[in-house]
Amino acid sequence: MNIDEDPNGSFKKLNFLLQNPPFLPETFSNLLLLYCKFGYYDLAADVLAENSQFTYKMPNQEDFEFIDAIILQKASP
């Protein structure tokens with residue numbers, strides 16, 4: 001996806017996939033992890049809130065706890 005060369009284009013592609021089911025379960029987790037990697041914590045929180053039906057199903061428990069901890073850490077240091 002060329003995330004290092006064009007992060008915004010890659011985010012658009014993953015968001016497109018997320019809005020057009022069926023998509024691979026990894027799409028949701030990858031989008032959240034990449035938002036966190038590039039410092040877009042508010043966007044990751046928005047994706048979690050907007051897609052609550054996937055929040056507890058798609059990412060494995062470890063990924064969800066990691067993403068949740070990063071977002072909480074940045075929101076209230």
# chains A, B, ... in the order shown; residues from 1 in each chain; ligands from 1
>>> residues_around(residues="segment 42-47 of chain A", least_positions_apart="3", cutoff="9 Å", atoms="only C-alpha atoms", output="ChimeraX atom specification")
/A:28,31-36,39,50-52,67-68,71,75
>>> residues_around(residues="Phe16 of chain A", least_positions_apart="6", cutoff="12 Å", atoms="only C-alpha atoms", output="NGL selection string")
:A and (9-10 or 22-23 or 27-28 or 31)
>>> select_by_dssp(residues="chain A", states="alpha helix (DSSP H)", output="ChimeraX atom specification")
/A:7-19,26-37,41-50,52-55,61-75
>>> residues_around(residues="Ile70 of chain A", least_positions_apart="4", cutoff="8 Å", atoms="only C-alpha atoms", output="count of residues only")
4
>>> atom_distance(atom1="atom CA of Met58 of chain A", atom2="atom CA of Leu24 of chain A")
9.3 Å
>>> closest_residue(among="A:Asn8, A:Gln53, A:Asn20, A:Ser76", to="Tyr40 of chain A", atoms="only C-alpha atoms")
A:Asn8
>>> closest_residue(among="A:Gln61, A:Gln73, A:Glu5, A:Asn30", to="Leu18 of chain A", atoms="only C-alpha atoms")
A:Asn30
>>> atom_distance(atom1="atom CA of Glu62 of chain A", atom2="atom CA of Asn15 of chain A")
22.1 Å
>>> atom_distance(atom1="atom CA of Lys13 of chain A", atom2="atom CA of Phe38 of chain A")
15.9 Å
